Amino acid sequence: MKPLLLIDVDGPLNPYAAQAQRRPEGYRTHRMRPSGWFDGKPLRVWLNPGHGAELRELAAQYELVWATTWKNEANEWIGPHLGLPELPFIDWPKMHGAAPRGTFWKTQYILEYAAGRPFAWVDDDITSYDHEYVEQNHLAAALLLNIDPRLGLLRPDFDALADWAAAL
């Protein structure tokens, strides 16, 4: 059984924290209205089509899973722009709620979803508390990559993911 690759959208794939009027190199601007977006204007999302090829290549080593507040809507709004097939997603029991001892709210649910399987997780909200929590509560191998939301996923991140899976 392959390890899981748990993928957040905002931060790793959409570098939302980059300078507002300066789209990062290699990214394309998309305007989206996912169901949770209630602002009057569409949401600006920057996506790099090259990330789709990188993720499709990693699919040989991983089972790809959306681990994002976009939930299944990532299959409608994000995946097609990256050339990704429909992926399973984590259906968070509760979003933005209480979390154990300083961890990010997703962390507890990531471990529930992984259910003892090895996993790699890319997100822009991972901290040392999350690393500690995973080490103490998950017996299988885990790689947590905190991604700078100004930069998104970079070549070294994809290399680290490939190397980690190959070493399992």
# chains A, B, ... in the order shown; residues from 1 in each chain; ligands from 1
>>> residues_around(residues="A:Leu145", least_positions_apart="5", cutoff="10 Å", atoms="only C-alpha atoms", output="PyMOL selection string")
chain A and resi 12+120-127+131+153+157+160-161
>>> select_by_dssp(residues="stretch 5-155 of chain A", states="alpha helix (DSSP H)", output="PyMOL selection string")
chain A and resi 49-58+73-77+79-82+107-114+128-137+155
>>> select_by_dssp(residues="stretch 28-130 of chain A", states="strand (DSSP E)", output="ChimeraX atom specification")
/A:28-32,43-47,63-66,119-123
>>> write_last_selection(atoms="N, CA and C atoms", output="PDB file, in the first residue's frame")
ATOM      1  N   ARG A  28      -0.625  31.013 -12.931  1.00  0.00           N
ATOM      2  CA  ARG A  28      -1.703  31.646 -13.694  1.00  0.00           C
ATOM      3  C   ARG A  28      -2.795  32.065 -12.715  1.00  0.00           C
ATOM      4  N   THR A  29      -3.445  33.174 -13.038  1.00  0.00           N
ATOM      5  CA  THR A  29      -4.522  33.685 -12.185  1.00  0.00           C
ATOM      6  C   THR A  29      -5.849  33.073 -12.598  1.00  0.00           C
ATOM      7  N   HIS A  30      -6.600  32.620 -11.602  1.00  0.00           N
ATOM      8  CA  HIS A  30      -7.939  32.074 -11.814  1.00  0.00           C
ATOM      9  C   HIS A  30      -8.887  32.779 -10.863  1.00  0.00           C
ATOM     10  N   ARG A  31     -10.098  33.006 -11.306  1.00  0.00           N
ATOM     11  CA  ARG A  31     -11.140  33.594 -10.451  1.00  0.00           C
ATOM     12  C   ARG A  31     -12.162  32.504 -10.161  1.00  0.00           C
ATOM     13  N   MET A  32     -12.416  32.275  -8.871  1.00  0.00           N
ATOM     14  CA  MET A  32     -13.254  31.151  -8.478  1.00  0.00           C
ATOM     15  C   MET A  32     -14.289  31.571  -7.454  1.00  0.00           C
ATOM     16  N   LEU A  43     -12.909  34.852  -5.794  1.00  0.00           N
ATOM     17  CA  LEU A  43     -11.647  34.606  -5.105  1.00  0.00           C
ATOM     18  C   LEU A  43     -10.531  34.501  -6.145  1.00  0.00           C
ATOM     19  N   ARG A  44      -9.426  35.217  -5.904  1.00  0.00           N
ATOM     20  CA  ARG A  44      -8.256  35.107  -6.775  1.00  0.00           C
ATOM     21  C   ARG A  44      -7.430  33.916  -6.313  1.00  0.00           C
ATOM     22  N   VAL A  45      -7.158  33.007  -7.224  1.00  0.00           N
ATOM     23  CA  VAL A  45      -6.351  31.834  -6.921  1.00  0.00           C
ATOM     24  C   VAL A  45      -5.240  31.757  -7.959  1.00  0.00           C
ATOM     25  N   TRP A  46      -3.997  31.652  -7.490  1.00  0.00           N
ATOM     26  CA  TRP A  46      -2.856  31.466  -8.374  1.00  0.00           C
ATOM     27  C   TRP A  46      -2.480  29.992  -8.373  1.00  0.00           C
ATOM     28  N   LEU A  47      -2.398  29.399  -9.553  1.00  0.00           N
ATOM     29  CA  LEU A  47      -2.002  27.996  -9.680  1.00  0.00           C
ATOM     30  C   LEU A  47      -0.905  27.866 -10.721  1.00  0.00           C
ATOM     31  N   GLU A  63      -0.556   7.781  -2.722  1.00  0.00           N
ATOM     32  CA  GLU A  63      -1.974   7.985  -2.974  1.00  0.00           C
ATOM     33  C   GLU A  63      -2.244   9.448  -2.651  1.00  0.00           C
ATOM     34  N   LEU A  64      -2.620  10.237  -3.653  1.00  0.00           N
ATOM     35  CA  LEU A  64      -2.859  11.663  -3.464  1.00  0.00           C
ATOM     36  C   LEU A  64      -4.237  11.891  -2.849  1.00  0.00           C
ATOM     37  N   VAL A  65      -4.295  12.801  -1.868  1.00  0.00           N
ATOM     38  CA  VAL A  65      -5.540  13.104  -1.157  1.00  0.00           C
ATOM     39  C   VAL A  65      -5.586  14.605  -0.889  1.00  0.00           C
ATOM     40  N   TRP A  66      -6.730  15.226  -1.160  1.00  0.00           N
ATOM     41  CA  TRP A  66      -6.909  16.625  -0.780  1.00  0.00           C
ATOM     42  C   TRP A  66      -7.051  16.715   0.739  1.00  0.00           C
ATOM     43  N   PHE A 119       2.383   8.712   5.849  1.00  0.00           N
ATOM     44  CA  PHE A 119       1.871   9.837   5.064  1.00  0.00           C
ATOM     45  C   PHE A 119       2.878  10.974   5.026  1.00  0.00           C
ATOM     46  N   ALA A 120       2.761  11.760   3.962  1.00  0.00           N
ATOM     47  CA  ALA A 120       3.428  13.051   3.856  1.00  0.00           C
ATOM     48  C   ALA A 120       2.310  14.083   3.766  1.00  0.00           C
ATOM     49  N   TRP A 121       2.534  15.238   4.391  1.00  0.00           N
ATOM     50  CA  TRP A 121       1.511  16.283   4.437  1.00  0.00           C
ATOM     51  C   TRP A 121       2.165  17.605   4.098  1.00  0.00           C
ATOM     52  N   VAL A 122       1.600  18.308   3.111  1.00  0.00           N
ATOM     53  CA  VAL A 122       2.089  19.646   2.760  1.00  0.00           C
ATOM     54  C   VAL A 122       1.010  20.664   3.119  1.00  0.00           C
ATOM     55  N   ASP A 123       1.395  21.649   3.936  1.00  0.00           N
ATOM     56  CA  ASP A 123       0.462  22.662   4.425  1.00  0.00           C
ATOM     57  C   ASP A 123       1.282  23.865   4.869  1.00  0.00           C
TER      58      ASP A 123
END
>>> closest_residue(among="A:Arg22, A:His138, A:Lys41, A:His96", to="A:Ile110", atoms="only C-alpha atoms")
A:His138
>>> closest_residue(among="A:Ser35, A:Thr103, A:Thr68, A:Gln19", to="A:Pro88", atoms="only C-alpha atoms")
A:Thr68
>>> closest_residue(among="A:Gly26, A:Glu54, A:Glu76, A:Lys94", to="A:Pro156", atoms="only C-alpha atoms")
A:Glu54
>>> residues_around(residues="A:Ala167", least_positions_apart="2", cutoff="12 Å", atoms="only C-alpha atoms", output="short mmCIF file (atom, residue, chain, number, x, y, z; two decimals) with N, CA and C atoms, in the first residue's frame")
data_model
loop_
_atom_site.label_atom_id
_atom_site.label_comp_id
_atom_site.auth_asym_id
_atom_site.auth_seq_id
_atom_site.Cartn_x
_atom_site.Cartn_y
_atom_site.Cartn_z
N PRO A 3 2.10 5.16 0.59
CA PRO A 3 1.83 6.18 1.60
C PRO A 3 0.87 7.23 1.03
N GLN A 61 4.26 7.02 -6.45
CA GLN A 61 4.78 6.66 -5.12
C GLN A 61 3.75 6.84 -4.01
N PRO A 118 1.60 5.29 6.60
CA PRO A 118 2.59 6.35 6.39
C PRO A 118 1.97 7.49 5.56
N ALA A 141 5.51 6.02 9.64
CA ALA A 141 6.35 7.14 9.19
C ALA A 141 5.48 8.31 8.74
N ALA A 142 5.97 9.52 8.97
CA ALA A 142 5.24 10.72 8.56
C ALA A 142 6.24 11.82 8.21
N LEU A 143 5.94 12.53 7.15
CA LEU A 143 6.73 13.69 6.72
C LEU A 143 5.79 14.88 6.69
N ALA A 160 12.03 16.43 -1.92
CA ALA A 160 11.94 15.84 -0.57
C ALA A 160 10.82 14.81 -0.51
N LEU A 161 9.70 15.09 -1.13
CA LEU A 161 8.59 14.14 -1.15
C LEU A 161 8.97 12.86 -1.87
N ALA A 162 9.60 12.99 -3.04
CA ALA A 162 10.02 11.81 -3.80
C ALA A 162 11.07 11.00 -3.04
N ASP A 163 12.04 11.68 -2.46
CA ASP A 163 13.10 11.00 -1.72
C ASP A 163 12.55 10.29 -0.50
N TRP A 164 11.64 10.93 0.22
CA TRP A 164 11.08 10.33 1.42
C TRP A 164 10.32 9.05 1.09
N ALA A 165 9.47 9.12 0.05
CA ALA A 165 8.69 7.93 -0.34
C ALA A 165 9.61 6.81 -0.82
#
>>> decode(residues="stretch 43-73 of chain A", atoms="N, CA, C and O atoms", output="PDB file, in the first residue's frame")
ATOM      1  N   LEU A  43     -12.909  34.852  -5.794  1.00  0.00           N
ATOM      2  CA  LEU A  43     -11.647  34.606  -5.105  1.00  0.00           C
ATOM      3  C   LEU A  43     -10.531  34.501  -6.145  1.00  0.00           C
ATOM      4  O   LEU A  43     -10.665  33.793  -7.139  1.00  0.00           O
ATOM      5  N   ARG A  44      -9.426  35.217  -5.904  1.00  0.00           N
ATOM      6  CA  ARG A  44      -8.256  35.107  -6.775  1.00  0.00           C
ATOM      7  C   ARG A  44      -7.430  33.916  -6.313  1.00  0.00           C
ATOM      8  O   ARG A  44      -7.057  33.823  -5.145  1.00  0.00           O
ATOM      9  N   VAL A  45      -7.158  33.007  -7.224  1.00  0.00           N
ATOM     10  CA  VAL A  45      -6.351  31.834  -6.921  1.00  0.00           C
ATOM     11  C   VAL A  45      -5.240  31.757  -7.959  1.00  0.00           C
ATOM     12  O   VAL A  45      -5.500  31.817  -9.170  1.00  0.00           O
ATOM     13  N   TRP A  46      -3.997  31.652  -7.490  1.00  0.00           N
ATOM     14  CA  TRP A  46      -2.856  31.466  -8.374  1.00  0.00           C
ATOM     15  C   TRP A  46      -2.480  29.992  -8.373  1.00  0.00           C
ATOM     16  O   TRP A  46      -2.274  29.399  -7.301  1.00  0.00           O
ATOM     17  N   LEU A  47      -2.398  29.399  -9.553  1.00  0.00           N
ATOM     18  CA  LEU A  47      -2.002  27.996  -9.680  1.00  0.00           C
ATOM     19  C   LEU A  47      -0.905  27.866 -10.721  1.00  0.00           C
ATOM     20  O   LEU A  47      -0.937  28.545 -11.748  1.00  0.00           O
ATOM     21  N   ASN A  48       0.025  26.985 -10.449  1.00  0.00           N
ATOM     22  CA  ASN A  48       1.130  26.711 -11.366  1.00  0.00           C
ATOM     23  C   ASN A  48       0.827  25.380 -12.052  1.00  0.00           C
ATOM     24  O   ASN A  48       0.832  24.334 -11.401  1.00  0.00           O
ATOM     25  N   PRO A  49       0.559  25.383 -13.375  1.00  0.00           N
ATOM     26  CA  PRO A  49       0.233  24.130 -14.046  1.00  0.00           C
ATOM     27  C   PRO A  49       1.343  23.085 -13.941  1.00  0.00           C
ATOM     28  O   PRO A  49       1.078  21.886 -14.004  1.00  0.00           O
ATOM     29  N   GLY A  50       2.576  23.507 -13.733  1.00  0.00           N
ATOM     30  CA  GLY A  50       3.676  22.571 -13.553  1.00  0.00           C
ATOM     31  C   GLY A  50       3.529  21.722 -12.303  1.00  0.00           C
ATOM     32  O   GLY A  50       4.045  20.606 -12.230  1.00  0.00           O
ATOM     33  N   HIS A  51       2.797  22.228 -11.312  1.00  0.00           N
ATOM     34  CA  HIS A  51       2.566  21.452 -10.102  1.00  0.00           C
ATOM     35  C   HIS A  51       1.729  20.213 -10.382  1.00  0.00           C
ATOM     36  O   HIS A  51       1.890  19.192  -9.717  1.00  0.00           O
ATOM     37  N   GLY A  52       0.842  20.312 -11.362  1.00  0.00           N
ATOM     38  CA  GLY A  52       0.042  19.147 -11.728  1.00  0.00           C
ATOM     39  C   GLY A  52       0.916  18.007 -12.220  1.00  0.00           C
ATOM     40  O   GLY A  52       0.742  16.856 -11.806  1.00  0.00           O
ATOM     41  N   ALA A  53       1.878  18.328 -13.084  1.00  0.00           N
ATOM     42  CA  ALA A  53       2.794  17.297 -13.587  1.00  0.00           C
ATOM     43  C   ALA A  53       3.620  16.706 -12.450  1.00  0.00           C
ATOM     44  O   ALA A  53       3.827  15.491 -12.389  1.00  0.00           O
ATOM     45  N   GLU A  54       4.073  17.554 -11.543  1.00  0.00           N
ATOM     46  CA  GLU A  54       4.856  17.073 -10.394  1.00  0.00           C
ATOM     47  C   GLU A  54       4.020  16.129  -9.522  1.00  0.00           C
ATOM     48  O   GLU A  54       4.505  15.080  -9.081  1.00  0.00           O
ATOM     49  N   LEU A  55       2.774  16.501  -9.279  1.00  0.00           N
ATOM     50  CA  LEU A  55       1.911  15.665  -8.444  1.00  0.00           C
ATOM     51  C   LEU A  55       1.541  14.364  -9.156  1.00  0.00           C
ATOM     52  O   LEU A  55       1.502  13.302  -8.519  1.00  0.00           O
ATOM     53  N   ARG A  56       1.288  14.432 -10.461  1.00  0.00           N
ATOM     54  CA  ARG A  56       0.992  13.200 -11.206  1.00  0.00           C
ATOM     55  C   ARG A  56       2.188  12.249 -11.156  1.00  0.00           C
ATOM     56  O   ARG A  56       2.019  11.040 -11.040  1.00  0.00           O
ATOM     57  N   GLU A  57       3.389  12.791 -11.205  1.00  0.00           N
ATOM     58  CA  GLU A  57       4.588  11.953 -11.095  1.00  0.00           C
ATOM     59  C   GLU A  57       4.688  11.330  -9.701  1.00  0.00           C
ATOM     60  O   GLU A  57       5.013  10.149  -9.559  1.00  0.00           O
ATOM     61  N   LEU A  58       4.379  12.111  -8.679  1.00  0.00           N
ATOM     62  CA  LEU A  58       4.410  11.578  -7.314  1.00  0.00           C
ATOM     63  C   LEU A  58       3.329  10.521  -7.074  1.00  0.00           C
ATOM     64  O   LEU A  58       3.452   9.699  -6.161  1.00  0.00           O
ATOM     65  N   ALA A  59       2.291  10.519  -7.897  1.00  0.00           N
ATOM     66  CA  ALA A  59       1.216   9.533  -7.747  1.00  0.00           C
ATOM     67  C   ALA A  59       1.718   8.107  -7.973  1.00  0.00           C
ATOM     68  O   ALA A  59       1.058   7.153  -7.556  1.00  0.00           O
ATOM     69  N   ALA A  60       2.874   7.953  -8.589  1.00  0.00           N
ATOM     70  CA  ALA A  60       3.463   6.614  -8.726  1.00  0.00           C
ATOM     71  C   ALA A  60       3.938   6.102  -7.359  1.00  0.00           C
ATOM     72  O   ALA A  60       4.007   4.894  -7.137  1.00  0.00           O
ATOM     73  N   GLN A  61       4.261   7.023  -6.450  1.00  0.00           N
ATOM     74  CA  GLN A  61       4.775   6.661  -5.123  1.00  0.00           C
ATOM     75  C   GLN A  61       3.752   6.843  -4.010  1.00  0.00           C
ATOM     76  O   GLN A  61       3.932   6.306  -2.922  1.00  0.00           O
ATOM     77  N   TYR A  62       2.735   7.646  -4.257  1.00  0.00           N
ATOM     78  CA  TYR A  62       1.775   8.046  -3.227  1.00  0.00           C
ATOM     79  C   TYR A  62       0.338   7.866  -3.696  1.00  0.00           C
ATOM     80  O   TYR A  62       0.061   7.922  -4.890  1.00  0.00           O
ATOM     81  N   GLU A  63      -0.556   7.781  -2.722  1.00  0.00           N
ATOM     82  CA  GLU A  63      -1.974   7.985  -2.974  1.00  0.00           C
ATOM     83  C   GLU A  63      -2.244   9.448  -2.651  1.00  0.00           C
ATOM     84  O   GLU A  63      -2.080   9.875  -1.501  1.00  0.00           O
ATOM     85  N   LEU A  64      -2.620  10.237  -3.653  1.00  0.00           N
ATOM     86  CA  LEU A  64      -2.859  11.663  -3.464  1.00  0.00           C
ATOM     87  C   LEU A  64      -4.237  11.891  -2.849  1.00  0.00           C
ATOM     88  O   LEU A  64      -5.223  11.279  -3.279  1.00  0.00           O
ATOM     89  N   VAL A  65      -4.295  12.801  -1.868  1.00  0.00           N
ATOM     90  CA  VAL A  65      -5.540  13.104  -1.157  1.00  0.00           C
ATOM     91  C   VAL A  65      -5.586  14.605  -0.889  1.00  0.00           C
ATOM     92  O   VAL A  65      -4.597  15.193  -0.433  1.00  0.00           O
ATOM     93  N   TRP A  66      -6.730  15.226  -1.160  1.00  0.00           N
ATOM     94  CA  TRP A  66      -6.909  16.625  -0.780  1.00  0.00           C
ATOM     95  C   TRP A  66      -7.051  16.715   0.739  1.00  0.00           C
ATOM     96  O   TRP A  66      -7.885  16.027   1.323  1.00  0.00           O
ATOM     97  N   ALA A  67      -6.261  17.588   1.358  1.00  0.00           N
ATOM     98  CA  ALA A  67      -6.344  17.857   2.798  1.00  0.00           C
ATOM     99  C   ALA A  67      -6.506  19.369   2.955  1.00  0.00           C
ATOM    100  O   ALA A  67      -5.631  20.064   3.458  1.00  0.00           O
ATOM    101  N   THR A  68      -7.638  19.862   2.495  1.00  0.00           N
ATOM    102  CA  THR A  68      -7.868  21.293   2.349  1.00  0.00           C
ATOM    103  C   THR A  68      -9.285  21.655   2.776  1.00  0.00           C
ATOM    104  O   THR A  68     -10.188  20.808   2.725  1.00  0.00           O
ATOM    105  N   THR A  69      -9.483  22.903   3.155  1.00  0.00           N
ATOM    106  CA  THR A  69     -10.836  23.358   3.473  1.00  0.00           C
ATOM    107  C   THR A  69     -11.703  23.402   2.214  1.00  0.00           C
ATOM    108  O   THR A  69     -12.921  23.494   2.312  1.00  0.00           O
ATOM    109  N   TRP A  70     -11.094  23.294   1.048  1.00  0.00           N
ATOM    110  CA  TRP A  70     -11.860  23.201  -0.199  1.00  0.00           C
ATOM    111  C   TRP A  70     -12.609  21.869  -0.261  1.00  0.00           C
ATOM    112  O   TRP A  70     -13.537  21.727  -1.035  1.00  0.00           O
ATOM    113  N   LYS A  71     -12.161  20.897   0.514  1.00  0.00           N
ATOM    114  CA  LYS A  71     -12.716  19.540   0.535  1.00  0.00           C
ATOM    115  C   LYS A  71     -12.938  19.047  -0.900  1.00  0.00           C
ATOM    116  O   LYS A  71     -12.031  19.146  -1.727  1.00  0.00           O
ATOM    117  N   ASN A  72     -14.121  18.506  -1.203  1.00  0.00           N
ATOM    118  CA  ASN A  72     -14.367  17.944  -2.531  1.00  0.00           C
ATOM    119  C   ASN A  72     -14.353  19.000  -3.626  1.00  0.00           C
ATOM    120  O   ASN A  72     -14.144  18.689  -4.801  1.00  0.00           O
ATOM    121  N   GLU A  73     -14.564  20.258  -3.269  1.00  0.00           N
ATOM    122  CA  GLU A  73     -14.558  21.314  -4.282  1.00  0.00           C
ATOM    123  C   GLU A  73     -13.179  21.493  -4.914  1.00  0.00           C
ATOM    124  O   GLU A  73     -13.066  22.063  -5.993  1.00  0.00           O
TER     125      GLU A  73
END
